[in-house]
file input_14.cif (mmCIF, C-alpha atoms)
data_input
#
loop_
_atom_site.label_atom_id
_atom_site.label_comp_id
_atom_site.auth_asym_id
_atom_site.auth_seq_id
_atom_site.Cartn_x
_atom_site.Cartn_y
_atom_site.Cartn_z
CA MET L 1 -145.85 -157.68 -53.44
CA SER L 2 -146.27 -153.99 -54.16
CA SER L 3 -145.28 -151.41 -51.59
CA ASN L 4 -148.20 -149.11 -52.47
CA SER L 5 -148.90 -146.44 -49.88
CA THR L 6 -151.53 -147.25 -47.31
CA THR L 7 -152.83 -143.71 -47.78
CA GLU L 8 -154.06 -144.48 -51.29
CA LYS L 9 -157.24 -142.50 -51.90
CA THR L 10 -160.73 -143.94 -51.81
CA ILE L 11 -161.81 -144.74 -55.34
CA GLU L 12 -165.22 -143.94 -56.80
CA LEU L 13 -167.29 -146.43 -58.80
CA THR L 14 -170.51 -145.96 -60.77
CA GLY L 15 -172.37 -149.04 -61.93
CA GLY L 16 -175.59 -150.59 -63.10
CA ILE L 17 -176.10 -154.13 -61.76
CA ASP L 18 -179.03 -156.18 -63.03
CA VAL L 19 -179.27 -159.02 -60.52
CA GLY L 20 -181.48 -161.44 -62.39
CA ASN L 21 -182.75 -164.75 -61.09
CA GLY L 22 -180.60 -166.42 -63.73
CA TYR L 23 -177.65 -164.13 -64.38
CA VAL L 24 -176.00 -160.99 -63.07
CA LYS L 25 -175.49 -158.49 -65.89
CA GLY L 26 -173.61 -155.34 -65.01
CA VAL L 27 -171.46 -152.48 -66.16
CA ILE L 28 -169.18 -150.59 -63.75
CA ARG L 29 -167.10 -147.49 -64.43
CA GLY L 30 -163.87 -146.93 -62.56
CA GLU L 31 -160.68 -144.99 -63.16
CA VAL L 32 -157.13 -146.21 -63.74
CA ASN L 33 -154.27 -143.73 -64.05
CA GLY L 34 -156.68 -140.90 -64.84
CA LYS L 35 -158.60 -142.80 -67.53
CA GLU L 36 -162.11 -144.23 -67.32
CA VAL L 37 -162.24 -148.02 -67.38
CA PHE L 38 -165.51 -149.91 -67.88
CA ASP L 39 -166.04 -153.53 -66.91
CA ALA L 40 -168.90 -155.58 -68.38
CA ILE L 41 -170.15 -158.31 -66.05
CA ASP L 42 -172.03 -161.47 -66.99
CA LEU L 43 -172.14 -164.37 -64.53
CA PRO L 44 -174.66 -166.93 -63.28
CA SER L 45 -176.59 -165.77 -60.21
CA ALA L 46 -175.21 -168.50 -57.98
CA VAL L 47 -172.56 -169.14 -55.35
CA VAL L 48 -171.13 -172.17 -53.62
CA SER L 49 -170.48 -171.71 -49.90
CA THR L 50 -168.08 -173.57 -47.65
CA SER L 51 -166.96 -173.07 -44.07
CA ARG L 52 -163.29 -173.24 -45.15
CA ALA L 53 -161.41 -169.98 -44.60
CA THR L 54 -159.64 -170.15 -47.98
CA PRO L 55 -159.80 -172.16 -51.22
CA LYS L 56 -158.13 -175.56 -51.03
CA VAL L 57 -155.43 -174.43 -53.45
CA PRO L 58 -155.14 -170.60 -53.54
CA GLU L 59 -153.57 -168.95 -56.56
CA ALA L 60 -150.04 -167.58 -56.36
CA ASP L 61 -149.83 -163.83 -55.71
CA ALA L 62 -147.45 -163.51 -58.65
CA ASP L 63 -150.26 -164.59 -61.03
CA ALA L 64 -152.55 -161.72 -60.03
CA LEU L 65 -152.22 -159.75 -63.27
CA ARG L 66 -153.21 -162.73 -65.40
CA ILE L 67 -156.03 -163.98 -63.17
CA VAL L 68 -157.56 -160.67 -62.07
CA VAL L 69 -157.19 -158.60 -65.25
CA GLU L 70 -156.68 -160.91 -68.21
CA ASP L 71 -159.10 -163.68 -67.21
CA ASP L 72 -162.81 -163.41 -66.38
CA PHE L 73 -162.23 -162.79 -62.68
CA TYR L 74 -165.90 -162.13 -61.91
CA ASN L 75 -166.73 -165.75 -62.76
CA HIS L 76 -164.02 -167.10 -60.45
CA LEU L 77 -164.21 -164.75 -57.46
CA ALA L 78 -163.85 -166.38 -54.04
CA ALA L 79 -164.65 -164.11 -51.08
CA SER L 80 -166.04 -163.82 -47.58
CA PHE L 81 -168.18 -160.97 -46.23
CA THR L 82 -168.38 -158.91 -43.06
CA THR L 83 -171.51 -156.81 -43.40
CA PRO L 84 -174.98 -156.54 -41.81
CA LEU L 85 -176.39 -157.82 -45.11
CA VAL L 86 -174.69 -161.25 -45.00
CA GLY L 87 -175.23 -163.59 -42.09
CA HIS L 88 -172.20 -165.86 -42.25
CA SER L 89 -168.54 -165.36 -43.11
CA ASP L 90 -168.40 -168.52 -45.23
CA LEU L 91 -166.15 -168.58 -48.26
CA ARG L 92 -168.29 -168.07 -51.35
CA THR L 93 -167.24 -168.97 -54.89
CA PHE L 94 -168.99 -167.03 -57.66
CA GLY L 95 -170.27 -167.45 -61.19
CA ARG L 96 -169.32 -170.22 -63.56
CA ALA L 97 -166.79 -171.51 -61.06
CA ALA L 98 -169.69 -172.13 -58.67
CA LEU L 99 -171.32 -174.45 -61.21
CA SER L 100 -168.36 -176.82 -61.11
CA THR L 101 -167.00 -176.30 -57.57
CA PRO L 102 -168.09 -178.83 -54.95
CA GLY L 103 -169.17 -177.10 -51.77
CA SER L 104 -171.33 -177.54 -48.74
CA LYS L 105 -174.09 -175.35 -50.15
CA PHE L 106 -175.09 -174.29 -53.66
CA THR L 107 -177.27 -171.16 -53.58
CA GLN L 108 -179.39 -169.80 -56.41
CA PHE L 109 -182.51 -167.63 -56.39
CA GLU L 110 -185.83 -169.25 -55.61
CA VAL L 111 -188.09 -169.13 -58.65
CA LEU L 112 -190.99 -171.11 -57.19
CA GLY L 113 -192.93 -169.22 -54.56
CA ALA L 114 -193.30 -165.55 -53.81
CA ARG L 115 -190.24 -164.80 -51.69
CA SER L 116 -188.91 -161.36 -52.58
CA LYS L 117 -185.49 -161.08 -54.17
CA ALA L 118 -184.89 -158.22 -51.72
CA ASP L 119 -185.22 -160.77 -48.88
CA GLN L 120 -182.76 -163.25 -50.33
CA GLU L 121 -179.20 -162.82 -49.08
CA LEU L 122 -177.83 -163.83 -52.46
CA SER L 123 -178.85 -160.41 -53.86
CA PHE L 124 -176.48 -158.62 -51.50
CA VAL L 125 -173.67 -161.16 -51.89
CA LEU L 126 -173.69 -160.76 -55.67
CA VAL L 127 -173.80 -156.94 -55.68
CA LEU L 128 -171.07 -156.55 -53.07
CA GLY L 129 -168.94 -159.23 -54.70
CA VAL L 130 -168.86 -157.71 -58.17
CA PHE L 131 -168.06 -154.22 -56.86
CA ALA L 132 -165.23 -155.61 -54.72
CA ALA L 133 -163.87 -157.52 -57.72
CA LYS L 134 -163.94 -154.32 -59.78
CA VAL L 135 -161.96 -152.48 -57.08
CA LEU L 136 -159.26 -155.16 -57.10
CA ARG L 137 -159.17 -155.33 -60.91
CA ASP L 138 -158.57 -151.60 -61.24
CA HIS L 139 -155.85 -151.70 -58.57
CA VAL L 140 -154.04 -154.53 -60.31
CA ARG L 141 -154.45 -152.76 -63.65
CA ALA L 142 -152.75 -149.70 -62.18
CA HIS L 143 -149.99 -151.39 -60.16
CA GLY L 144 -149.52 -154.83 -61.70
CA THR L 145 -149.68 -156.58 -58.31
CA LEU L 146 -151.94 -157.24 -55.36
CA PRO L 147 -152.13 -154.44 -52.76
CA ASP L 148 -150.41 -154.61 -49.39
CA HIS L 149 -153.24 -152.70 -47.70
CA GLU L 150 -157.00 -152.49 -47.51
CA LEU L 151 -158.69 -151.05 -50.62
CA ARG L 152 -161.55 -148.56 -50.24
CA ALA L 153 -164.31 -147.49 -52.59
CA THR L 154 -167.49 -145.45 -52.56
CA VAL L 155 -170.23 -146.66 -54.87
CA ARG L 156 -173.10 -145.16 -56.82
CA THR L 157 -175.26 -147.80 -58.41
CA GLY L 158 -178.53 -148.58 -60.13
CA LEU L 159 -180.34 -151.76 -59.08
CA ALA L 160 -183.68 -153.24 -60.07
CA LEU L 161 -186.55 -155.11 -58.48
CA PRO L 162 -189.52 -156.84 -60.10
CA ILE L 163 -192.30 -154.31 -60.62
CA ALA L 164 -194.52 -155.72 -57.85
CA GLU L 165 -191.61 -155.58 -55.37
CA TYR L 166 -190.41 -152.19 -56.63
CA VAL L 167 -193.64 -150.50 -55.63
CA GLN L 168 -193.36 -151.74 -52.03
CA ARG L 169 -189.65 -152.23 -51.40
CA ARG L 170 -187.54 -149.78 -53.41
CA SER L 171 -186.71 -147.40 -50.53
CA SER L 172 -185.93 -150.07 -47.94
CA TYR L 173 -183.85 -152.05 -50.46
CA ALA L 174 -181.65 -149.03 -51.21
CA ALA L 175 -181.34 -148.19 -47.51
CA GLN L 176 -179.92 -151.62 -46.73
CA PHE L 177 -176.87 -150.81 -48.85
CA ILE L 178 -176.48 -147.17 -47.81
CA GLY L 179 -177.35 -147.31 -44.12
CA ARG L 180 -179.91 -145.81 -41.83
CA LEU L 181 -181.44 -142.56 -43.03
CA GLY L 182 -180.07 -139.64 -41.07
CA SER L 183 -177.06 -141.54 -39.79
CA ALA L 184 -173.75 -139.70 -39.94
CA ASP L 185 -171.87 -142.85 -40.99
CA PRO L 186 -172.73 -145.03 -43.95
CA THR L 187 -172.94 -148.79 -43.55
CA VAL L 188 -169.54 -150.38 -44.15
CA HIS L 189 -169.33 -153.61 -46.16
CA LEU L 190 -166.06 -155.54 -45.98
CA VAL L 191 -165.37 -158.07 -48.73
CA THR L 192 -162.24 -160.20 -48.32
CA ILE L 193 -161.11 -161.67 -51.62
CA LYS L 194 -159.40 -165.00 -51.02
CA ASN L 195 -158.43 -166.29 -54.44
CA PHE L 196 -154.74 -165.75 -53.66
CA SER L 197 -152.26 -166.78 -51.00
CA THR L 198 -152.56 -163.24 -49.61
CA PRO L 199 -156.17 -162.19 -48.90
CA VAL L 200 -157.25 -158.71 -50.03
CA THR L 201 -159.87 -156.75 -48.08
CA VAL L 202 -162.09 -154.24 -49.89
CA ARG L 203 -164.09 -151.69 -47.87
CA LEU L 204 -167.26 -150.57 -49.68
CA THR L 205 -169.67 -147.78 -48.79
CA PHE L 206 -172.64 -146.72 -50.93
CA GLU L 207 -173.16 -143.05 -51.68
CA ASP L 208 -176.34 -143.51 -53.74
CA VAL L 209 -178.56 -146.41 -54.81
CA GLN L 210 -181.17 -145.87 -57.51
CA VAL L 211 -183.77 -148.67 -57.56
CA LEU L 212 -185.73 -149.03 -60.78
CA PRO L 213 -188.51 -151.42 -61.84
CA GLU L 214 -187.25 -154.34 -63.91
CA GLY L 215 -188.06 -153.86 -67.55
CA ALA L 216 -188.49 -150.11 -67.18
CA SER L 217 -184.71 -149.76 -66.97
CA ALA L 218 -184.45 -151.64 -70.26
CA GLN L 219 -186.92 -149.21 -71.81
CA PHE L 220 -184.65 -146.32 -70.78
CA ALA L 221 -181.76 -148.03 -72.57
CA ILE L 222 -183.84 -148.56 -75.71
CA THR L 223 -184.65 -144.86 -75.79
CA ASP L 224 -181.02 -143.93 -75.16
CA LYS L 225 -179.77 -146.11 -78.03
CA GLY L 226 -182.05 -144.25 -80.42
CA GLU L 227 -182.36 -144.88 -84.14
CA PRO L 228 -179.63 -147.54 -84.60
CA LEU L 229 -181.46 -149.94 -82.27
CA ALA L 230 -184.84 -148.96 -83.70
CA GLN L 231 -183.60 -149.77 -87.20
CA ALA L 232 -182.26 -153.14 -86.02
CA LEU L 233 -185.70 -153.95 -84.57
CA LEU L 234 -187.43 -153.11 -87.83
CA ASP L 235 -184.91 -155.16 -89.82
CA ASP L 236 -185.47 -158.14 -87.52
CA LEU L 237 -189.22 -157.83 -87.94
CA ARG L 238 -188.91 -157.79 -91.73
CA ALA L 239 -186.75 -160.92 -91.66
CA SER L 240 -188.85 -162.89 -89.17
CA ASP L 241 -192.39 -161.75 -89.98
CA PRO L 242 -192.69 -160.21 -93.48
CA GLU L 243 -196.48 -160.00 -93.22
CA GLU L 244 -196.32 -157.94 -90.03
CA ALA L 245 -193.50 -155.84 -91.48
CA ALA L 246 -195.62 -155.05 -94.53
CA ARG L 247 -198.25 -153.49 -92.27
CA LEU L 248 -195.55 -151.22 -90.85
CA GLN L 249 -194.07 -150.22 -94.17
CA GLY L 250 -194.36 -146.53 -93.38
CA VAL L 251 -192.77 -146.86 -89.94
CA THR L 252 -189.22 -145.54 -89.84
CA ALA L 253 -186.57 -145.80 -87.14
CA GLY L 254 -187.10 -142.11 -86.40
CA LEU L 255 -190.81 -142.60 -85.83
CA LEU L 256 -190.16 -145.60 -83.61
CA VAL L 257 -187.80 -143.62 -81.38
CA GLY L 258 -190.52 -141.03 -80.86
CA VAL L 259 -193.07 -143.54 -79.54
CA ARG L 260 -194.28 -142.60 -76.03
CA ASN L 261 -196.93 -145.25 -75.25
CA THR L 262 -195.41 -148.68 -74.93
CA VAL L 263 -195.68 -152.00 -73.14
CA GLY L 264 -192.62 -154.12 -72.43
CA VAL L 265 -192.46 -157.86 -71.88
CA ASP L 266 -189.27 -158.49 -69.93
CA VAL L 267 -188.78 -162.26 -69.67
CA GLY L 268 -186.46 -163.21 -66.84
CA GLU L 269 -185.62 -166.46 -65.12
CA GLY L 270 -187.88 -166.02 -62.10
CA THR L 271 -190.35 -163.36 -63.22
CA VAL L 272 -191.83 -161.71 -66.30
CA ASN L 273 -192.30 -157.97 -65.92
CA PHE L 274 -194.66 -155.81 -67.97
CA PRO L 275 -193.46 -152.19 -67.73
CA VAL L 276 -195.95 -149.72 -69.15
CA PHE L 277 -195.05 -146.24 -70.35
CA THR L 278 -197.87 -143.77 -70.86
CA ASP L 279 -197.00 -140.47 -72.55
CA GLY L 280 -193.33 -141.26 -71.91
CA ALA L 281 -193.68 -141.85 -68.15
CA PHE L 282 -193.60 -145.15 -66.26
CA ASN L 283 -197.16 -146.17 -65.37
CA SER L 284 -196.93 -148.19 -62.14
CA GLU L 285 -200.71 -148.57 -61.97
CA ALA L 286 -200.94 -150.51 -65.23
CA ALA L 287 -197.58 -152.33 -65.04
CA GLY L 288 -197.39 -155.78 -63.55
CA THR L 289 -195.33 -158.87 -62.76
CA LEU L 290 -195.89 -162.56 -63.46
CA GLU L 291 -194.24 -164.60 -60.71
CA GLN L 292 -192.90 -167.13 -63.21
CA GLY L 293 -190.08 -167.10 -65.74
CA TYR L 294 -187.85 -169.24 -67.90
CA GLY L 295 -186.34 -170.71 -64.73
CA THR L 296 -189.79 -171.99 -63.81
CA ALA L 297 -189.86 -173.98 -67.05
CA LEU L 298 -186.34 -175.29 -66.36
CA THR L 299 -187.22 -176.31 -62.80
CA ASN L 300 -190.41 -178.07 -63.86
CA ALA L 301 -188.54 -179.82 -66.67
CA LEU L 302 -185.93 -181.06 -64.17
CA ASP L 303 -188.69 -182.52 -62.02
CA ARG L 304 -190.14 -184.37 -64.99
CA MET L 305 -186.71 -185.63 -66.07
CA SER L 306 -186.07 -187.06 -62.61
CA THR L 307 -189.28 -189.12 -62.79
CA SER L 308 -188.91 -190.10 -66.45
CA GLY L 309 -186.46 -192.93 -65.83
CA ASP L 310 -183.98 -191.46 -68.35
CA LYS L 311 -180.69 -191.88 -66.49
CA ASP L 312 -178.80 -189.80 -69.07
CA LEU L 313 -180.72 -186.65 -68.10
CA ARG L 314 -179.12 -185.90 -64.75
CA PHE L 315 -178.47 -182.23 -63.99
CA LYS L 316 -177.78 -181.09 -60.44
CA ASN L 317 -179.71 -177.82 -60.80
CA ARG L 318 -181.45 -175.59 -63.33
CA LYS L 319 -178.24 -173.61 -63.93
CA ALA L 320 -176.47 -176.75 -65.12
CA LEU L 321 -179.42 -177.58 -67.40
CA ALA L 322 -179.54 -174.05 -68.83
CA ASP L 323 -175.79 -174.08 -69.47
CA PHE L 324 -176.06 -177.47 -71.21
CA LEU L 325 -178.81 -176.21 -73.53
CA GLN L 326 -176.84 -173.07 -74.42
CA GLN L 327 -173.92 -175.07 -75.84
CA GLU L 328 -173.72 -176.57 -79.31
CA PRO L 329 -173.92 -180.34 -78.62
CA SER L 330 -171.30 -182.74 -79.93
CA VAL L 331 -172.39 -185.81 -81.88
CA PHE L 332 -172.12 -187.79 -78.64
CA LEU L 333 -174.48 -185.45 -76.81
CA GLN L 334 -176.99 -184.69 -79.58
CA GLY L 335 -179.57 -187.28 -78.52
CA ARG L 336 -179.34 -186.25 -74.88
CA PHE L 337 -179.58 -182.59 -75.90
CA ASP L 338 -182.72 -183.19 -77.98
CA ARG L 339 -184.47 -185.07 -75.16
CA ALA L 340 -183.62 -182.40 -72.59
CA ALA L 341 -184.73 -179.64 -74.96
CA GLY L 342 -188.00 -181.50 -75.52
CA PHE L 343 -188.81 -181.51 -71.80
CA VAL L 344 -188.01 -177.80 -71.52
CA SER L 345 -189.98 -176.91 -74.65
CA GLU L 346 -193.12 -178.59 -73.30
CA GLU L 347 -192.85 -176.64 -70.06
CA ALA L 348 -192.12 -173.43 -72.01
CA GLU L 349 -195.46 -173.76 -73.78
CA TYR L 350 -197.27 -173.63 -70.44
CA LEU L 351 -195.16 -170.64 -69.42
CA CYS L 352 -195.90 -168.75 -72.64
CA ASP L 353 -199.63 -169.32 -72.16
CA GLU L 354 -199.32 -167.72 -68.71
CA ILE L 355 -197.32 -164.80 -70.14
CA ALA L 356 -199.91 -164.21 -72.84
CA SER L 357 -202.73 -164.28 -70.29
CA ARG L 358 -201.01 -161.71 -68.05
CA PHE L 359 -200.13 -159.62 -71.12
CA GLU L 360 -203.80 -159.49 -72.09
CA ASP L 361 -204.62 -158.19 -68.59
CA VAL L 362 -202.15 -155.35 -69.09
CA LEU L 363 -203.57 -154.53 -72.53
CA THR L 364 -207.03 -154.36 -71.01
CA GLU L 365 -205.76 -151.38 -69.04
CA VAL L 366 -203.76 -149.55 -71.71
CA GLY L 367 -204.21 -151.37 -75.02
CA GLY L 368 -206.26 -148.58 -76.55
CA THR L 369 -203.33 -146.15 -76.44
CA THR L 370 -200.40 -148.58 -76.79
CA GLU L 371 -198.35 -147.94 -79.92
CA VAL L 372 -195.61 -150.60 -79.66
CA VAL L 373 -194.84 -153.72 -77.63
CA TYR L 374 -191.18 -154.56 -76.92
CA VAL L 375 -190.07 -158.07 -75.91
CA TYR L 376 -186.66 -158.54 -74.30
CA GLY L 377 -184.82 -160.08 -71.36
CA GLY L 378 -182.50 -163.02 -70.79
CA GLY L 379 -185.32 -165.57 -70.87
CA SER L 380 -186.88 -164.25 -74.08
CA GLY L 381 -184.40 -165.92 -76.44
CA PRO L 382 -185.01 -169.59 -75.55
CA VAL L 383 -188.81 -169.21 -75.82
CA LYS L 384 -188.92 -166.90 -78.85
CA GLU L 385 -190.46 -169.35 -81.31
CA ILE L 386 -193.28 -170.14 -78.88
CA LEU L 387 -193.82 -166.73 -77.31
CA ARG L 388 -193.71 -164.38 -80.27
CA PRO L 389 -196.82 -165.66 -82.09
CA VAL L 390 -198.96 -165.84 -78.93
CA LEU L 391 -198.04 -162.27 -78.00
CA GLN L 392 -198.77 -160.99 -81.51
CA LYS L 393 -202.13 -162.74 -81.44
CA ALA L 394 -202.96 -161.12 -78.11
CA ALA L 395 -201.71 -157.71 -79.30
CA GLY L 396 -203.88 -157.65 -82.40
CA SER L 397 -202.84 -154.71 -84.58
CA ILE L 398 -200.21 -153.45 -82.11
CA PRO L 399 -196.74 -154.31 -83.47
CA VAL L 400 -194.68 -156.67 -81.31
CA LEU L 401 -190.95 -155.97 -81.66
CA TYR L 402 -188.87 -158.85 -80.36
CA LEU L 403 -185.33 -157.80 -79.49
CA ASP L 404 -182.50 -160.20 -80.21
CA ALA L 405 -181.52 -161.89 -76.93
CA ALA L 406 -177.82 -161.40 -77.74
CA TYR L 407 -178.18 -157.77 -76.74
CA SER L 408 -181.60 -157.50 -75.11
CA ARG L 409 -180.48 -159.42 -72.02
CA HIS L 410 -178.08 -156.53 -71.31
CA LEU L 411 -180.59 -153.70 -71.70
CA ASN L 412 -181.60 -153.60 -68.04
CA ARG L 413 -178.00 -153.23 -66.88
CA GLU L 414 -177.43 -150.39 -69.34
CA GLY L 415 -180.57 -148.59 -68.21
CA LEU L 416 -179.51 -149.01 -64.57
CA TYR L 417 -176.11 -147.55 -65.35
CA LEU L 418 -177.74 -144.60 -67.09
CA ALA L 419 -179.81 -143.92 -63.97
CA ALA L 420 -176.82 -144.11 -61.62
CA ASN L 421 -174.63 -142.03 -63.90
CA ALA L 422 -177.28 -139.32 -64.29
CA VAL L 423 -177.42 -138.88 -60.52
CA ALA L 424 -173.61 -138.94 -60.27
CA LYS L 425 -173.33 -136.17 -62.86
CA SER L 426 -175.93 -133.97 -61.19
CA ALA L 427 -174.68 -134.49 -57.64
CA LYS L 428 -172.69 -131.71 -56.10
CA PRO L 429 -169.61 -132.66 -54.07
CA VAL L 430 -170.89 -134.26 -50.92
CA ALA L 431 -169.12 -133.64 -47.62
CA LYS L 432 -167.88 -136.80 -45.98
CA ARG L 433 -170.24 -138.02 -43.30
CA SER L 434 -168.64 -138.17 -39.88
CA LYS L 435 -169.59 -138.71 -36.29
CA ALA L 436 -169.02 -135.03 -35.66
CA ALA L 437 -171.79 -134.24 -38.12
CA ALA L 438 -174.29 -136.41 -36.29
#
call {"tool": "encode", "arguments": {"input": "input_14.cif", "output": "structure tokens"}}
result
Amino acid sequence: MSSNSTTEKTIELTGGIDVGNGYVKGVIRGEVNGKEVFDAIDLPSAVVSTSRATPKVPEADADALRIVVEDDFYNHLAASFTTPLVGHSDLRTFGRAALSTPGSKFTQFEVLGARSKADQELSFVLVLGVFAAKVLRDHVRAHGTLPDHELRATVRTGLALPIAEYVQRRSSYAAQFIGRLGSADPTVHLVTIKNFSTPVTVRLTFEDVQVLPEGASAQFAITDKGEPLAQALLDDLRASDPEEAARLQGVTAGLLVGVRNTVGVDVGEGTVNFPVFTDGAFNSEAAGTLEQGYGTALTNALDRMSTSGDKDLRFKNRKALADFLQQEPSVFLQGRFDRAAGFVSEEAEYLCDEIASRFEDVLTEVGGTTEVVYVYGGGSGPVKEILRPVLQKAAGSIPVLYLDAAYSRHLNREGLYLAANAVAKSAKPVAKRSKAAA
């Protein structure tokens, strides 16, 4: 164990965390030995909870460098929480490990019904967990071992809510992380990481939380990426829809970057958001949210599988089904894969009809001035073959640019990071809040 000083300074983190109904996509900037270090985060939005204080078989402290830094630690984090945002101090296992770890309770976001993501405890568990994991990773990067003292970090972050929730909940959602407005002391969130024989406590406080509408943050990232991304979109359109590309023969990447009137179709697991930009500014009046997503199709497909009598199609939750369909099937699994994909495809057709209907409502408001439609999001890839033609039909002469899911699912996190980083750069040094200042 390291003998690092207990007076080690509080570290500063800046991140963009896109807490989707299906996956958490994030990017967090820290500092190790005077150099910026960025972590990219991609894990299923799920945890397994148990009342045990520690994992059955904790990892050896001596393996910290390999497990925390060299492996994908975010997808194997095990931690408990002491914070007003989390009701129980159960041990929670994160990410892909949660999909295969038996526990007393498997928690994922609700995608049926209208319960706000801001009201679901899982949102806070995931955000606090990934920031705590980043703190430990950077410490182990710097020192090679686990700490012998509590780690502390202040956080600036960008988070997102579905557009309908953003309008009503953005201020209260941010305040839950930061603390009561006007209070001298920020809310303290303690995360105790328990993967190892020696637990590590991370103390988090939030200096600033920027809450953006889902989809709009992706639009900011598209603009920031500029002509290289615009050219990739045009190349994709030429390859996938030559007839549509021929109509846009005079459109260059430079012209596309300059577009200021757009509609986005951000397909997530629990919602589909339609961010509208009018003259370059987010138009909350015309934007909207469909309270369904790719996860809705998965959930409905699971229900149909369970009543089909096909005993080979047994998946414990939609995450397991989604993971199965994302893998290239072996010859032994091909038949099972095709049957499962068939159930999901049928449900996806219903979903795409709903998306197209809501999209037409948005175009009724702003279609006359809309120059381009962008389609992106983690749920857009699996439904591309069904969704793209129905959107283009609804859009008429407006070009529909479908971003490749390999990178489009990360656009929201990059836009959220841009928002948090812009505030961090413009902020003047802030005096530490204390009781004496109250």
call {"tool": "residues_near_point", "arguments": {"input": "input_14.cif", "point": "(-159.4, -152.9, -46.8)", "cutoff": "6 Å", "atoms": "all atoms listed in the file", "output": "list of chain:residue names"}}
result
L:Glu150, L:Leu151, L:Arg152, L:Thr201, L:Val202, L:Arg203
call {"tool": "residues_around", "arguments": {"input": "input_14.cif", "residues": "Ile17 in chain L", "least_positions_apart": "4", "cutoff": "9 Å", "atoms": "only C-alpha atoms", "output": "ChimeraX atom specification"}}
result
/L:24-28,41,127,130,157-160,412-414,416-417
call {"tool": "closest_residue", "arguments": {"input": "input_14.cif", "among": "L:Gly215, L:Gly226, L:Gly15, L:Gly377", "to": "Thr252 in chain L", "atoms": "only C-alpha atoms"}}
result
L:Gly226
call {"tool": "resolve_selection", "arguments": {"input": "input_14.cif", "expression": "the PyMOL selection byres ((chain L and resi 350) around 12)", "output": "PyMOL selection string"}}
result
chain L and resi 292-294+296-298+300-301+343-349+351-357+383+386-387+390
call {"tool": "write_last_selection", "arguments": {"input": "input_14.cif", "atoms": "C-alpha atoms", "output": "mmCIF file, keeping the file's coordinate frame"}}
result
data_model
loop_
_atom_site.group_PDB
_atom_site.id
_atom_site.type_symbol
_atom_site.label_atom_id
_atom_site.label_comp_id
_atom_site.auth_asym_id
_atom_site.auth_seq_id
_atom_site.Cartn_x
_atom_site.Cartn_y
_atom_site.Cartn_z
ATOM 1 C CA GLN L 292 -192.900 -167.130 -63.210
ATOM 2 C CA GLY L 293 -190.080 -167.100 -65.740
ATOM 3 C CA TYR L 294 -187.850 -169.240 -67.900
ATOM 4 C CA THR L 296 -189.790 -171.990 -63.810
ATOM 5 C CA ALA L 297 -189.860 -173.980 -67.050
ATOM 6 C CA LEU L 298 -186.340 -175.290 -66.360
ATOM 7 C CA ASN L 300 -190.410 -178.070 -63.860
ATOM 8 C CA ALA L 301 -188.540 -179.820 -66.670
ATOM 9 C CA PHE L 343 -188.810 -181.510 -71.800
ATOM 10 C CA VAL L 344 -188.010 -177.800 -71.520
ATOM 11 C CA SER L 345 -189.980 -176.910 -74.650
ATOM 12 C CA GLU L 346 -193.120 -178.590 -73.300
ATOM 13 C CA GLU L 347 -192.850 -176.640 -70.060
ATOM 14 C CA ALA L 348 -192.120 -173.430 -72.010
ATOM 15 C CA GLU L 349 -195.460 -173.760 -73.780
ATOM 16 C CA LEU L 351 -195.160 -170.640 -69.420
ATOM 17 C CA CYS L 352 -195.900 -168.750 -72.640
ATOM 18 C CA ASP L 353 -199.630 -169.320 -72.160
ATOM 19 C CA GLU L 354 -199.320 -167.720 -68.710
ATOM 20 C CA ILE L 355 -197.320 -164.800 -70.140
ATOM 21 C CA ALA L 356 -199.910 -164.210 -72.840
ATOM 22 C CA SER L 357 -202.730 -164.280 -70.290
ATOM 23 C CA VAL L 383 -188.810 -169.210 -75.820
ATOM 24 C CA ILE L 386 -193.280 -170.140 -78.880
ATOM 25 C CA LEU L 387 -193.820 -166.730 -77.310
ATOM 26 C CA VAL L 390 -198.960 -165.840 -78.930
#
call {"tool": "atom_distance", "arguments": {"input": "input_14.cif", "atom1": "CA of Asp266 in chain L", "atom2": "CA of Ser380 in chain L"}}
result
7.5 Å
call {"tool": "resolve_selection", "arguments": {"input": "input_14.cif", "expression": "the PyMOL selection byres ((chain L and resi 64) around 10)", "output": "ChimeraX atom specification"}}
result
/L:59-63,65-71,136-137,140-141,144-146,195-196
